[in-house]
>>> print(open('input14.txt').read())   # compact mmCIF, N, CA and C atoms
# COMPACT_ATOMS: atom_id res chain seq x y z
N MET E 1 -8.15 -8.82 -14.90
CA MET E 1 -6.92 -8.05 -14.94
C MET E 1 -5.76 -8.88 -14.40
N LYS E 2 -4.58 -8.57 -14.88
CA LYS E 2 -3.37 -9.25 -14.45
C LYS E 2 -2.72 -8.49 -13.29
N GLN E 3 -1.78 -9.18 -12.65
CA GLN E 3 -1.03 -8.57 -11.56
C GLN E 3 -0.40 -7.26 -11.99
N SER E 4 0.20 -7.23 -13.18
CA SER E 4 0.85 -6.01 -13.65
C SER E 4 -0.15 -4.88 -13.87
N ASP E 5 -1.38 -5.22 -14.25
CA ASP E 5 -2.41 -4.19 -14.42
C ASP E 5 -2.79 -3.57 -13.08
N HIS E 6 -2.88 -4.40 -12.04
CA HIS E 6 -3.23 -3.89 -10.72
C HIS E 6 -2.13 -2.97 -10.20
N MET E 7 -0.87 -3.35 -10.40
CA MET E 7 0.21 -2.49 -9.95
C MET E 7 0.26 -1.22 -10.81
N ALA E 8 -0.10 -1.31 -12.08
CA ALA E 8 -0.16 -0.11 -12.92
C ALA E 8 -1.19 0.88 -12.37
N LEU E 9 -2.33 0.37 -11.87
CA LEU E 9 -3.32 1.25 -11.23
C LEU E 9 -2.74 1.91 -9.99
N ALA E 10 -2.01 1.13 -9.19
CA ALA E 10 -1.38 1.69 -7.99
C ALA E 10 -0.35 2.75 -8.36
N LEU E 11 0.43 2.50 -9.41
CA LEU E 11 1.41 3.49 -9.86
C LEU E 11 0.72 4.77 -10.35
N ALA E 12 -0.42 4.63 -11.02
CA ALA E 12 -1.18 5.80 -11.47
C ALA E 12 -1.67 6.61 -10.27
N GLU E 13 -2.12 5.92 -9.23
CA GLU E 13 -2.54 6.61 -8.00
C GLU E 13 -1.35 7.32 -7.35
N ALA E 14 -0.19 6.67 -7.35
CA ALA E 14 1.02 7.28 -6.79
C ALA E 14 1.40 8.53 -7.57
N ASP E 15 1.36 8.43 -8.89
CA ASP E 15 1.68 9.58 -9.74
C ASP E 15 0.73 10.74 -9.46
N ALA E 16 -0.55 10.45 -9.35
CA ALA E 16 -1.55 11.49 -9.06
C ALA E 16 -1.27 12.12 -7.69
N ALA E 17 -0.91 11.31 -6.71
CA ALA E 17 -0.59 11.84 -5.39
C ALA E 17 0.61 12.79 -5.48
N GLY E 18 1.64 12.38 -6.21
CA GLY E 18 2.81 13.24 -6.37
C GLY E 18 2.47 14.56 -7.03
N ARG E 19 1.59 14.53 -8.02
CA ARG E 19 1.17 15.77 -8.70
C ARG E 19 0.37 16.67 -7.76
N ARG E 20 -0.25 16.10 -6.73
CA ARG E 20 -0.98 16.89 -5.73
C ARG E 20 -0.03 17.41 -4.64
N GLY E 21 1.26 17.04 -4.72
CA GLY E 21 2.22 17.47 -3.71
C GLY E 21 2.35 16.50 -2.55
N GLU E 22 1.68 15.36 -2.66
CA GLU E 22 1.76 14.32 -1.64
C GLU E 22 2.91 13.37 -1.97
N VAL E 23 3.44 12.66 -0.98
CA VAL E 23 4.43 11.63 -1.26
C VAL E 23 3.77 10.62 -2.20
N PRO E 24 4.41 10.32 -3.33
CA PRO E 24 3.77 9.49 -4.36
C PRO E 24 3.71 8.00 -4.01
N VAL E 25 2.67 7.65 -3.29
CA VAL E 25 2.39 6.25 -2.96
C VAL E 25 0.95 5.98 -3.36
N GLY E 26 0.74 4.84 -4.02
CA GLY E 26 -0.60 4.46 -4.44
C GLY E 26 -0.91 3.03 -4.04
N ALA E 27 -2.19 2.74 -3.84
CA ALA E 27 -2.63 1.41 -3.41
C ALA E 27 -3.92 1.03 -4.12
N VAL E 28 -4.05 -0.27 -4.38
CA VAL E 28 -5.25 -0.82 -5.02
C VAL E 28 -5.61 -2.11 -4.28
N ILE E 29 -6.88 -2.29 -3.98
CA ILE E 29 -7.35 -3.54 -3.38
C ILE E 29 -8.17 -4.28 -4.41
N VAL E 30 -7.85 -5.56 -4.56
CA VAL E 30 -8.43 -6.41 -5.59
C VAL E 30 -9.14 -7.59 -4.94
N ARG E 31 -10.31 -7.90 -5.48
CA ARG E 31 -11.05 -9.09 -5.05
C ARG E 31 -11.61 -9.77 -6.28
N ALA E 32 -11.40 -11.05 -6.38
CA ALA E 32 -11.87 -11.85 -7.53
C ALA E 32 -11.41 -11.23 -8.85
N GLY E 33 -10.19 -10.72 -8.85
CA GLY E 33 -9.60 -10.18 -10.07
C GLY E 33 -9.97 -8.76 -10.42
N ALA E 34 -10.87 -8.14 -9.66
CA ALA E 34 -11.31 -6.78 -9.97
C ALA E 34 -10.90 -5.80 -8.87
N ALA E 35 -10.48 -4.62 -9.27
CA ALA E 35 -10.14 -3.58 -8.31
C ALA E 35 -11.43 -3.08 -7.65
N ILE E 36 -11.47 -3.13 -6.33
CA ILE E 36 -12.67 -2.65 -5.61
C ILE E 36 -12.41 -1.34 -4.89
N ALA E 37 -11.12 -0.96 -4.75
CA ALA E 37 -10.79 0.30 -4.11
C ALA E 37 -9.38 0.70 -4.54
N GLN E 38 -9.16 1.99 -4.68
CA GLN E 38 -7.83 2.48 -4.98
C GLN E 38 -7.69 3.87 -4.40
N ALA E 39 -6.45 4.21 -4.04
CA ALA E 39 -6.19 5.50 -3.41
C ALA E 39 -4.72 5.86 -3.51
N GLY E 40 -4.47 7.14 -3.37
CA GLY E 40 -3.11 7.65 -3.25
C GLY E 40 -3.01 8.41 -1.94
N ASN E 41 -1.80 8.68 -1.51
CA ASN E 41 -1.61 9.43 -0.26
C ASN E 41 -2.37 10.74 -0.29
N ARG E 42 -2.95 11.12 0.86
CA ARG E 42 -3.69 12.38 1.00
C ARG E 42 -3.47 12.99 2.40
N THR E 43 -2.30 12.76 2.98
CA THR E 43 -2.05 13.24 4.35
C THR E 43 -2.09 14.76 4.43
N LEU E 44 -1.52 15.44 3.44
CA LEU E 44 -1.51 16.91 3.46
C LEU E 44 -2.89 17.46 3.17
N GLU E 45 -3.52 16.95 2.12
CA GLU E 45 -4.84 17.42 1.71
C GLU E 45 -5.87 17.28 2.83
N LEU E 46 -5.86 16.13 3.48
CA LEU E 46 -6.85 15.86 4.53
C LEU E 46 -6.40 16.29 5.91
N LYS E 47 -5.16 16.77 6.01
CA LYS E 47 -4.59 17.14 7.33
C LYS E 47 -4.74 15.96 8.30
N ASP E 48 -4.36 14.77 7.79
CA ASP E 48 -4.57 13.52 8.53
C ASP E 48 -3.33 12.64 8.36
N PRO E 49 -2.56 12.45 9.42
CA PRO E 49 -1.35 11.63 9.31
C PRO E 49 -1.64 10.16 9.02
N THR E 50 -2.88 9.73 9.14
CA THR E 50 -3.22 8.33 8.84
C THR E 50 -3.73 8.16 7.40
N ALA E 51 -3.76 9.21 6.62
CA ALA E 51 -4.32 9.14 5.27
C ALA E 51 -3.29 8.63 4.26
N HIS E 52 -2.64 7.53 4.62
CA HIS E 52 -1.73 6.85 3.70
C HIS E 52 -2.59 6.12 2.66
N ALA E 53 -2.01 5.87 1.49
CA ALA E 53 -2.73 5.21 0.40
C ALA E 53 -3.37 3.90 0.86
N GLU E 54 -2.61 3.09 1.61
CA GLU E 54 -3.13 1.79 2.06
C GLU E 54 -4.33 1.97 2.97
N MET E 55 -4.25 2.91 3.90
CA MET E 55 -5.34 3.13 4.85
C MET E 55 -6.61 3.58 4.13
N LEU E 56 -6.44 4.51 3.18
CA LEU E 56 -7.59 5.00 2.43
C LEU E 56 -8.22 3.90 1.58
N ALA E 57 -7.38 3.08 0.95
CA ALA E 57 -7.90 1.97 0.14
C ALA E 57 -8.60 0.94 1.01
N ILE E 58 -8.03 0.63 2.16
CA ILE E 58 -8.66 -0.32 3.09
C ILE E 58 -10.02 0.20 3.53
N ARG E 59 -10.10 1.47 3.89
CA ARG E 59 -11.38 2.06 4.31
C ARG E 59 -12.41 1.97 3.19
N ALA E 60 -11.99 2.31 1.97
CA ALA E 60 -12.93 2.28 0.83
C ALA E 60 -13.38 0.85 0.53
N ALA E 61 -12.46 -0.10 0.59
CA ALA E 61 -12.83 -1.50 0.33
C ALA E 61 -13.77 -2.02 1.40
N ALA E 62 -13.53 -1.67 2.66
CA ALA E 62 -14.41 -2.10 3.75
C ALA E 62 -15.82 -1.55 3.55
N GLN E 63 -15.90 -0.29 3.11
CA GLN E 63 -17.22 0.30 2.83
C GLN E 63 -17.90 -0.42 1.66
N ALA E 64 -17.12 -0.68 0.61
CA ALA E 64 -17.68 -1.34 -0.58
C ALA E 64 -18.19 -2.73 -0.26
N LEU E 65 -17.49 -3.45 0.62
CA LEU E 65 -17.89 -4.82 0.95
C LEU E 65 -18.83 -4.89 2.15
N GLY E 66 -18.96 -3.78 2.87
CA GLY E 66 -19.81 -3.78 4.06
C GLY E 66 -19.25 -4.63 5.18
N SER E 67 -17.92 -4.68 5.28
CA SER E 67 -17.28 -5.50 6.30
C SER E 67 -15.90 -4.95 6.63
N GLU E 68 -15.50 -5.08 7.88
CA GLU E 68 -14.16 -4.68 8.29
C GLU E 68 -13.12 -5.74 7.92
N ARG E 69 -13.56 -6.90 7.53
CA ARG E 69 -12.68 -8.00 7.12
C ARG E 69 -12.62 -8.07 5.60
N LEU E 70 -11.45 -7.93 5.06
CA LEU E 70 -11.26 -7.96 3.61
C LEU E 70 -10.72 -9.33 3.19
N VAL E 71 -11.45 -10.35 3.59
CA VAL E 71 -11.08 -11.73 3.29
C VAL E 71 -11.08 -11.93 1.77
N ASN E 72 -10.11 -12.67 1.29
CA ASN E 72 -9.94 -12.94 -0.14
C ASN E 72 -9.64 -11.69 -0.96
N CYS E 73 -9.11 -10.67 -0.30
CA CYS E 73 -8.69 -9.46 -1.00
C CYS E 73 -7.17 -9.38 -1.01
N ASP E 74 -6.65 -8.80 -2.07
CA ASP E 74 -5.22 -8.59 -2.23
C ASP E 74 -4.95 -7.09 -2.32
N LEU E 75 -3.83 -6.66 -1.76
CA LEU E 75 -3.45 -5.26 -1.77
C LEU E 75 -2.19 -5.08 -2.59
N TYR E 76 -2.24 -4.16 -3.53
CA TYR E 76 -1.08 -3.76 -4.33
C TYR E 76 -0.72 -2.35 -3.89
N VAL E 77 0.52 -2.15 -3.49
CA VAL E 77 0.96 -0.82 -3.05
C VAL E 77 2.36 -0.57 -3.58
N THR E 78 2.63 0.67 -3.93
CA THR E 78 3.88 0.99 -4.59
C THR E 78 5.08 1.05 -3.65
N LEU E 79 4.86 1.16 -2.35
CA LEU E 79 5.95 1.26 -1.37
C LEU E 79 5.68 0.31 -0.21
N GLU E 80 6.73 -0.28 0.31
CA GLU E 80 6.61 -1.17 1.48
C GLU E 80 5.82 -0.45 2.58
N PRO E 81 4.78 -1.06 3.11
CA PRO E 81 3.97 -0.43 4.14
C PRO E 81 4.74 -0.13 5.44
N CYS E 82 4.35 0.97 6.06
CA CYS E 82 4.88 1.35 7.38
C CYS E 82 4.20 0.49 8.45
N ALA E 83 4.58 0.68 9.70
CA ALA E 83 4.02 -0.11 10.79
C ALA E 83 2.51 0.09 10.92
N MET E 84 2.03 1.33 10.79
CA MET E 84 0.60 1.60 10.90
C MET E 84 -0.17 0.85 9.82
N CYS E 85 0.31 0.95 8.59
CA CYS E 85 -0.39 0.31 7.48
C CYS E 85 -0.28 -1.22 7.55
N ALA E 86 0.87 -1.72 7.97
CA ALA E 86 1.03 -3.17 8.11
C ALA E 86 0.06 -3.71 9.15
N ALA E 87 -0.11 -2.98 10.25
CA ALA E 87 -1.06 -3.42 11.28
C ALA E 87 -2.48 -3.42 10.71
N ALA E 88 -2.84 -2.39 9.97
CA ALA E 88 -4.17 -2.33 9.37
C ALA E 88 -4.39 -3.47 8.38
N ILE E 89 -3.36 -3.81 7.61
CA ILE E 89 -3.43 -4.92 6.67
C ILE E 89 -3.72 -6.22 7.43
N SER E 90 -3.06 -6.39 8.55
CA SER E 90 -3.27 -7.58 9.38
C SER E 90 -4.69 -7.59 9.96
N PHE E 91 -5.11 -6.47 10.52
CA PHE E 91 -6.45 -6.39 11.12
C PHE E 91 -7.54 -6.62 10.08
N ALA E 92 -7.31 -6.17 8.84
CA ALA E 92 -8.30 -6.32 7.78
C ALA E 92 -8.31 -7.73 7.19
N ARG E 93 -7.32 -8.53 7.55
CA ARG E 93 -7.20 -9.91 7.07
C ARG E 93 -6.98 -9.97 5.54
N ILE E 94 -6.20 -9.02 5.05
CA ILE E 94 -5.84 -9.02 3.63
C ILE E 94 -5.13 -10.33 3.32
N ARG E 95 -5.48 -10.96 2.22
CA ARG E 95 -4.92 -12.27 1.87
C ARG E 95 -3.47 -12.16 1.37
N ARG E 96 -3.24 -11.27 0.41
CA ARG E 96 -1.90 -11.13 -0.17
C ARG E 96 -1.53 -9.66 -0.27
N LEU E 97 -0.25 -9.38 0.00
CA LEU E 97 0.30 -8.04 -0.13
C LEU E 97 1.36 -8.08 -1.23
N TYR E 98 1.20 -7.22 -2.22
CA TYR E 98 2.18 -7.06 -3.28
C TYR E 98 2.70 -5.63 -3.16
N PHE E 99 4.01 -5.46 -2.98
CA PHE E 99 4.51 -4.09 -2.93
C PHE E 99 5.70 -3.89 -3.85
N GLY E 100 5.89 -2.62 -4.21
CA GLY E 100 6.95 -2.24 -5.14
C GLY E 100 8.27 -1.98 -4.44
N ALA E 101 8.57 -0.72 -4.23
CA ALA E 101 9.85 -0.31 -3.65
C ALA E 101 9.93 -0.65 -2.17
N GLU E 102 11.12 -1.04 -1.76
CA GLU E 102 11.35 -1.26 -0.34
C GLU E 102 11.55 0.09 0.35
N ASP E 103 11.19 0.16 1.62
CA ASP E 103 11.36 1.37 2.41
C ASP E 103 12.26 1.04 3.59
N ILE E 104 13.55 1.23 3.40
CA ILE E 104 14.54 0.86 4.42
C ILE E 104 14.35 1.66 5.70
N LYS E 105 13.92 2.91 5.58
CA LYS E 105 13.79 3.79 6.75
C LYS E 105 12.50 3.55 7.55
N MET E 106 11.36 3.46 6.87
CA MET E 106 10.07 3.38 7.58
C MET E 106 9.27 2.11 7.31
N GLY E 107 9.77 1.24 6.43
CA GLY E 107 9.05 0.02 6.13
C GLY E 107 8.95 -0.89 7.34
N ALA E 108 7.87 -1.66 7.39
CA ALA E 108 7.65 -2.55 8.54
C ALA E 108 7.33 -3.97 8.13
N VAL E 109 7.57 -4.31 6.86
CA VAL E 109 7.30 -5.65 6.37
C VAL E 109 8.61 -6.40 6.18
N SER E 110 9.48 -5.88 5.33
CA SER E 110 10.80 -6.48 5.10
C SER E 110 11.89 -5.82 5.93
N HIS E 111 11.57 -4.67 6.50
CA HIS E 111 12.53 -3.90 7.29
C HIS E 111 11.92 -3.56 8.65
N GLY E 112 12.72 -2.89 9.49
CA GLY E 112 12.22 -2.43 10.78
C GLY E 112 11.61 -3.55 11.60
N PRO E 113 10.40 -3.34 12.09
CA PRO E 113 9.80 -4.33 13.01
C PRO E 113 9.38 -5.63 12.35
N ARG E 114 9.32 -5.68 11.02
CA ARG E 114 8.87 -6.90 10.31
C ARG E 114 7.62 -7.48 10.98
N LEU E 115 6.62 -6.66 10.98
CA LEU E 115 5.39 -6.92 11.75
C LEU E 115 4.79 -8.30 11.51
N PHE E 116 4.75 -8.75 10.26
CA PHE E 116 4.08 -10.01 9.96
C PHE E 116 4.87 -11.22 10.48
N ALA E 117 6.13 -11.03 10.81
CA ALA E 117 6.96 -12.13 11.33
C ALA E 117 6.91 -12.22 12.86
N GLN E 118 6.24 -11.27 13.49
CA GLN E 118 6.17 -11.26 14.95
C GLN E 118 5.18 -12.31 15.46
N PRO E 119 5.50 -12.98 16.55
CA PRO E 119 4.58 -14.00 17.09
C PRO E 119 3.25 -13.41 17.57
N THR E 120 3.22 -12.10 17.83
CA THR E 120 1.98 -11.45 18.28
C THR E 120 1.08 -11.03 17.12
N CYS E 121 1.53 -11.21 15.89
CA CYS E 121 0.74 -10.84 14.72
C CYS E 121 -0.32 -11.93 14.50
N HIS E 122 -1.59 -11.54 14.59
CA HIS E 122 -2.69 -12.51 14.48
C HIS E 122 -2.90 -13.01 13.05
N HIS E 123 -2.68 -12.14 12.07
CA HIS E 123 -2.86 -12.54 10.68
C HIS E 123 -1.73 -11.95 9.84
N ALA E 124 -1.05 -12.79 9.11
CA ALA E 124 0.01 -12.34 8.21
C ALA E 124 -0.38 -12.70 6.78
N PRO E 125 -0.42 -11.70 5.90
CA PRO E 125 -0.73 -12.01 4.50
C PRO E 125 0.48 -12.67 3.83
N GLU E 126 0.23 -13.29 2.69
CA GLU E 126 1.35 -13.70 1.84
C GLU E 126 1.95 -12.40 1.32
N VAL E 127 3.27 -12.31 1.27
CA VAL E 127 3.93 -11.07 0.86
C VAL E 127 4.79 -11.32 -0.37
N TYR E 128 4.63 -10.44 -1.35
CA TYR E 128 5.41 -10.46 -2.58
C TYR E 128 5.98 -9.07 -2.79
N SER E 129 7.29 -8.95 -2.76
CA SER E 129 7.93 -7.64 -2.90
C SER E 129 8.59 -7.49 -4.26
N GLY E 130 8.96 -6.26 -4.56
CA GLY E 130 9.68 -5.98 -5.79
C GLY E 130 8.82 -5.89 -7.04
N ILE E 131 7.50 -5.78 -6.88
CA ILE E 131 6.59 -5.69 -8.02
C ILE E 131 6.65 -4.26 -8.57
N ALA E 132 7.15 -4.09 -9.78
CA ALA E 132 7.32 -2.76 -10.40
C ALA E 132 8.14 -1.83 -9.51
N ASP E 133 9.12 -2.40 -8.82
CA ASP E 133 9.90 -1.61 -7.87
C ASP E 133 10.68 -0.47 -8.52
N ARG E 134 11.16 -0.65 -9.72
CA ARG E 134 11.92 0.43 -10.38
C ARG E 134 11.04 1.63 -10.68
N ALA E 135 9.85 1.37 -11.19
CA ALA E 135 8.93 2.47 -11.50
C ALA E 135 8.50 3.18 -10.22
N ALA E 136 8.22 2.42 -9.17
CA ALA E 136 7.80 3.01 -7.90
C ALA E 136 8.93 3.84 -7.29
N ALA E 137 10.14 3.29 -7.30
CA ALA E 137 11.30 4.01 -6.75
C ALA E 137 11.59 5.28 -7.54
N LYS E 138 11.40 5.21 -8.86
CA LYS E 138 11.64 6.39 -9.71
C LYS E 138 10.69 7.52 -9.35
N LEU E 139 9.41 7.21 -9.16
CA LEU E 139 8.44 8.24 -8.75
C LEU E 139 8.87 8.90 -7.44
N LEU E 140 9.28 8.09 -6.48
CA LEU E 140 9.70 8.62 -5.18
C LEU E 140 10.96 9.45 -5.31
N ARG E 141 11.95 8.94 -6.04
CA ARG E 141 13.22 9.64 -6.20
C ARG E 141 13.01 10.99 -6.87
N GLU E 142 12.22 11.02 -7.95
CA GLU E 142 11.97 12.28 -8.64
C GLU E 142 11.20 13.27 -7.76
N PHE E 143 10.26 12.76 -6.98
CA PHE E 143 9.50 13.63 -6.09
C PHE E 143 10.42 14.30 -5.06
N PHE E 144 11.25 13.50 -4.40
CA PHE E 144 12.10 14.05 -3.35
C PHE E 144 13.25 14.88 -3.92
N THR E 145 13.73 14.55 -5.12
CA THR E 145 14.76 15.38 -5.76
C THR E 145 14.20 16.77 -6.04
N GLY E 146 12.96 16.83 -6.46
CA GLY E 146 12.31 18.10 -6.72
C GLY E 146 12.07 18.93 -5.48
N ARG E 147 12.08 18.32 -4.33
CA ARG E 147 11.83 19.01 -3.05
C ARG E 147 13.11 19.58 -2.45
N ARG E 148 14.26 19.09 -2.90
CA ARG E 148 15.54 19.50 -2.28
C ARG E 148 16.12 20.72 -2.91
>>> encode(input="input14.txt", output="structure tokens")
Amino acid sequence: MKQSDHMALALAEADAAGRRGEVPVGAVIVRAGAAIAQAGNRTLELKDPTAHAEMLAIRAAAQALGSERLVNCDLYVTLEPCAMCAAAISFARIRRLYFGAEDIKMGAVSHGPRLFAQPTCHHAPEVYSGIADRAAAKLLREFFTGRR
């Protein structure tokens, strides 16, 4: 699969999350070119503030690989990760992070604390932003417009 295919899977997860009434964010973890885990936000459904798409995908990938270290894995996510998710990405030793829309308010990669740039960050993935950002931003904009 190509990079655009992996982000398309993440966008599909985001769309499904939005249809469930969750904030439309989706994530896919890829290893050796194949998706090994994918998830969308489920914070409301699970009554769990940590059930962000990235966290759920990381948990599923760790189970699939039988390891808490996701070495040689890449994460595709439709929205810039928050501080909690960025820390989990670092702890999991994700190799590359590809994200779509920037999150000026809660993002922690390109905005806010910029976690991976901190000297106390033990592992920083390679970061690529703006991947399918228009499609990701559109899902979010339409979701929140419908809520107002």
>>> residues_around(input="input14.txt", residues="region 42-52 of chain E", least_positions_apart="4", cutoff="12 Å", atoms="only C-alpha atoms", output="count of residues only")
31
>>> select_by_dssp(input="input14.txt", residues="region 22-130 of chain E", states="helix (DSSP H, G or I)", output="VMD selection string")
chain E and resid 43 to 46 53 to 65 83 to 92 115 to 117
>>> residues_around(input="input14.txt", residues="region 112-115 of chain E", least_positions_apart="6", cutoff="8 Å", atoms="all atoms listed in the file", output="list in words")
Cys82, Ala83, Ala86, Ala87, Asp103, Ile104, Lys105, Met106, Cys121, His122, His123 and Ala124 of chain E
>>> select_by_dssp(input="input14.txt", residues="chain E", states="strand (DSSP E or B)", output="JSON, numbers by chain")
{"E": [26, 27, 28, 29, 30, 31, 34, 35, 36, 37, 38, 39, 40, 73, 74, 75, 76, 77, 78, 79, 96, 97, 98, 99, 100, 101, 126, 127, 128]}
>>> axis_aligned_box(input="input14.txt", around="region 138-144 of chain E", padding_each_side="5 Å", output="AutoDock Vina command-line options")
--center_x 10.8 --center_y 10.0 --center_z -6.5 --size_x 14.8 --size_y 19.7 --size_z 16.4
>>> closest_residue(input="input14.txt", among="E:Cys73, E:Val127, E:Ala10, E:Ile94", to="Arg31 (chain E)", atoms="all atoms listed in the file")
E:Cys73
>>> closest_residue(input="input14.txt", among="E:Ala101, E:Ala135, E:Met55, E:Ala34", to="Asp15 (chain E)", atoms="only C-alpha atoms")
E:Ala135
>>> residues_around(input="input14.txt", residues="Asp74 (chain E)", least_positions_apart="2", cutoff="6 Å", atoms="only C-alpha atoms", output="PyMOL selection string")
chain E and resi 29-30+94-97
>>> build_atoms(input="input14.txt", residues="region 69-86 of chain E", atoms="N, CA, C and O atoms", output="PDB file, in the coordinates of the input")
ATOM      1  N   ARG E  69     -13.560  -6.900   7.530  1.00  0.00           N
ATOM      2  CA  ARG E  69     -12.680  -8.000   7.120  1.00  0.00           C
ATOM      3  C   ARG E  69     -12.620  -8.070   5.600  1.00  0.00           C
ATOM      4  O   ARG E  69     -13.657  -8.250   4.938  1.00  0.00           O
ATOM      5  N   LEU E  70     -11.450  -7.930   5.060  1.00  0.00           N
ATOM      6  CA  LEU E  70     -11.260  -7.960   3.610  1.00  0.00           C
ATOM      7  C   LEU E  70     -10.720  -9.330   3.190  1.00  0.00           C
ATOM      8  O   LEU E  70      -9.690  -9.441   2.538  1.00  0.00           O
ATOM      9  N   VAL E  71     -11.450 -10.350   3.590  1.00  0.00           N
ATOM     10  CA  VAL E  71     -11.080 -11.730   3.290  1.00  0.00           C
ATOM     11  C   VAL E  71     -11.080 -11.930   1.770  1.00  0.00           C
ATOM     12  O   VAL E  71     -11.931 -11.392   1.065  1.00  0.00           O
ATOM     13  N   ASN E  72     -10.110 -12.670   1.290  1.00  0.00           N
ATOM     14  CA  ASN E  72      -9.940 -12.940  -0.140  1.00  0.00           C
ATOM     15  C   ASN E  72      -9.640 -11.690  -0.960  1.00  0.00           C
ATOM     16  O   ASN E  72      -9.890 -11.668  -2.168  1.00  0.00           O
ATOM     17  N   CYS E  73      -9.110 -10.670  -0.300  1.00  0.00           N
ATOM     18  CA  CYS E  73      -8.690  -9.460  -1.000  1.00  0.00           C
ATOM     19  C   CYS E  73      -7.170  -9.380  -1.010  1.00  0.00           C
ATOM     20  O   CYS E  73      -6.507  -9.816  -0.069  1.00  0.00           O
ATOM     21  N   ASP E  74      -6.650  -8.800  -2.070  1.00  0.00           N
ATOM     22  CA  ASP E  74      -5.220  -8.590  -2.230  1.00  0.00           C
ATOM     23  C   ASP E  74      -4.950  -7.090  -2.320  1.00  0.00           C
ATOM     24  O   ASP E  74      -5.761  -6.357  -2.897  1.00  0.00           O
ATOM     25  N   LEU E  75      -3.830  -6.660  -1.760  1.00  0.00           N
ATOM     26  CA  LEU E  75      -3.450  -5.260  -1.770  1.00  0.00           C
ATOM     27  C   LEU E  75      -2.190  -5.080  -2.590  1.00  0.00           C
ATOM     28  O   LEU E  75      -1.193  -5.790  -2.367  1.00  0.00           O
ATOM     29  N   TYR E  76      -2.240  -4.160  -3.530  1.00  0.00           N
ATOM     30  CA  TYR E  76      -1.080  -3.760  -4.330  1.00  0.00           C
ATOM     31  C   TYR E  76      -0.720  -2.350  -3.890  1.00  0.00           C
ATOM     32  O   TYR E  76      -1.582  -1.463  -3.914  1.00  0.00           O
ATOM     33  N   VAL E  77       0.520  -2.150  -3.490  1.00  0.00           N
ATOM     34  CA  VAL E  77       0.960  -0.820  -3.050  1.00  0.00           C
ATOM     35  C   VAL E  77       2.360  -0.570  -3.580  1.00  0.00           C
ATOM     36  O   VAL E  77       3.175  -1.487  -3.679  1.00  0.00           O
ATOM     37  N   THR E  78       2.630   0.670  -3.930  1.00  0.00           N
ATOM     38  CA  THR E  78       3.880   0.990  -4.590  1.00  0.00           C
ATOM     39  C   THR E  78       5.080   1.050  -3.650  1.00  0.00           C
ATOM     40  O   THR E  78       6.218   0.983  -4.108  1.00  0.00           O
ATOM     41  N   LEU E  79       4.860   1.160  -2.350  1.00  0.00           N
ATOM     42  CA  LEU E  79       5.950   1.260  -1.370  1.00  0.00           C
ATOM     43  C   LEU E  79       5.680   0.310  -0.210  1.00  0.00           C
ATOM     44  O   LEU E  79       4.528   0.141   0.194  1.00  0.00           O
ATOM     45  N   GLU E  80       6.730  -0.280   0.310  1.00  0.00           N
ATOM     46  CA  GLU E  80       6.610  -1.170   1.480  1.00  0.00           C
ATOM     47  C   GLU E  80       5.820  -0.450   2.580  1.00  0.00           C
ATOM     48  O   GLU E  80       6.160   0.670   2.956  1.00  0.00           O
ATOM     49  N   PRO E  81       4.780  -1.060   3.110  1.00  0.00           N
ATOM     50  CA  PRO E  81       3.970  -0.430   4.140  1.00  0.00           C
ATOM     51  C   PRO E  81       4.740  -0.130   5.440  1.00  0.00           C
ATOM     52  O   PRO E  81       5.622  -0.881   5.845  1.00  0.00           O
ATOM     53  N   CYS E  82       4.350   0.970   6.060  1.00  0.00           N
ATOM     54  CA  CYS E  82       4.880   1.350   7.380  1.00  0.00           C
ATOM     55  C   CYS E  82       4.200   0.490   8.450  1.00  0.00           C
ATOM     56  O   CYS E  82       3.299  -0.308   8.149  1.00  0.00           O
ATOM     57  N   ALA E  83       4.580   0.680   9.700  1.00  0.00           N
ATOM     58  CA  ALA E  83       4.020  -0.110  10.790  1.00  0.00           C
ATOM     59  C   ALA E  83       2.510   0.090  10.920  1.00  0.00           C
ATOM     60  O   ALA E  83       1.765  -0.880  11.123  1.00  0.00           O
ATOM     61  N   MET E  84       2.030   1.330  10.790  1.00  0.00           N
ATOM     62  CA  MET E  84       0.600   1.600  10.900  1.00  0.00           C
ATOM     63  C   MET E  84      -0.170   0.850   9.820  1.00  0.00           C
ATOM     64  O   MET E  84      -1.176   0.187  10.098  1.00  0.00           O
ATOM     65  N   CYS E  85       0.310   0.950   8.590  1.00  0.00           N
ATOM     66  CA  CYS E  85      -0.390   0.310   7.480  1.00  0.00           C
ATOM     67  C   CYS E  85      -0.280  -1.220   7.550  1.00  0.00           C
ATOM     68  O   CYS E  85      -1.249  -1.918   7.249  1.00  0.00           O
ATOM     69  N   ALA E  86       0.870  -1.720   7.970  1.00  0.00           N
ATOM     70  CA  ALA E  86       1.030  -3.170   8.110  1.00  0.00           C
ATOM     71  C   ALA E  86       0.060  -3.710   9.150  1.00  0.00           C
ATOM     72  O   ALA E  86      -0.556  -4.761   8.945  1.00  0.00           O
TER      73      ALA E  86
END
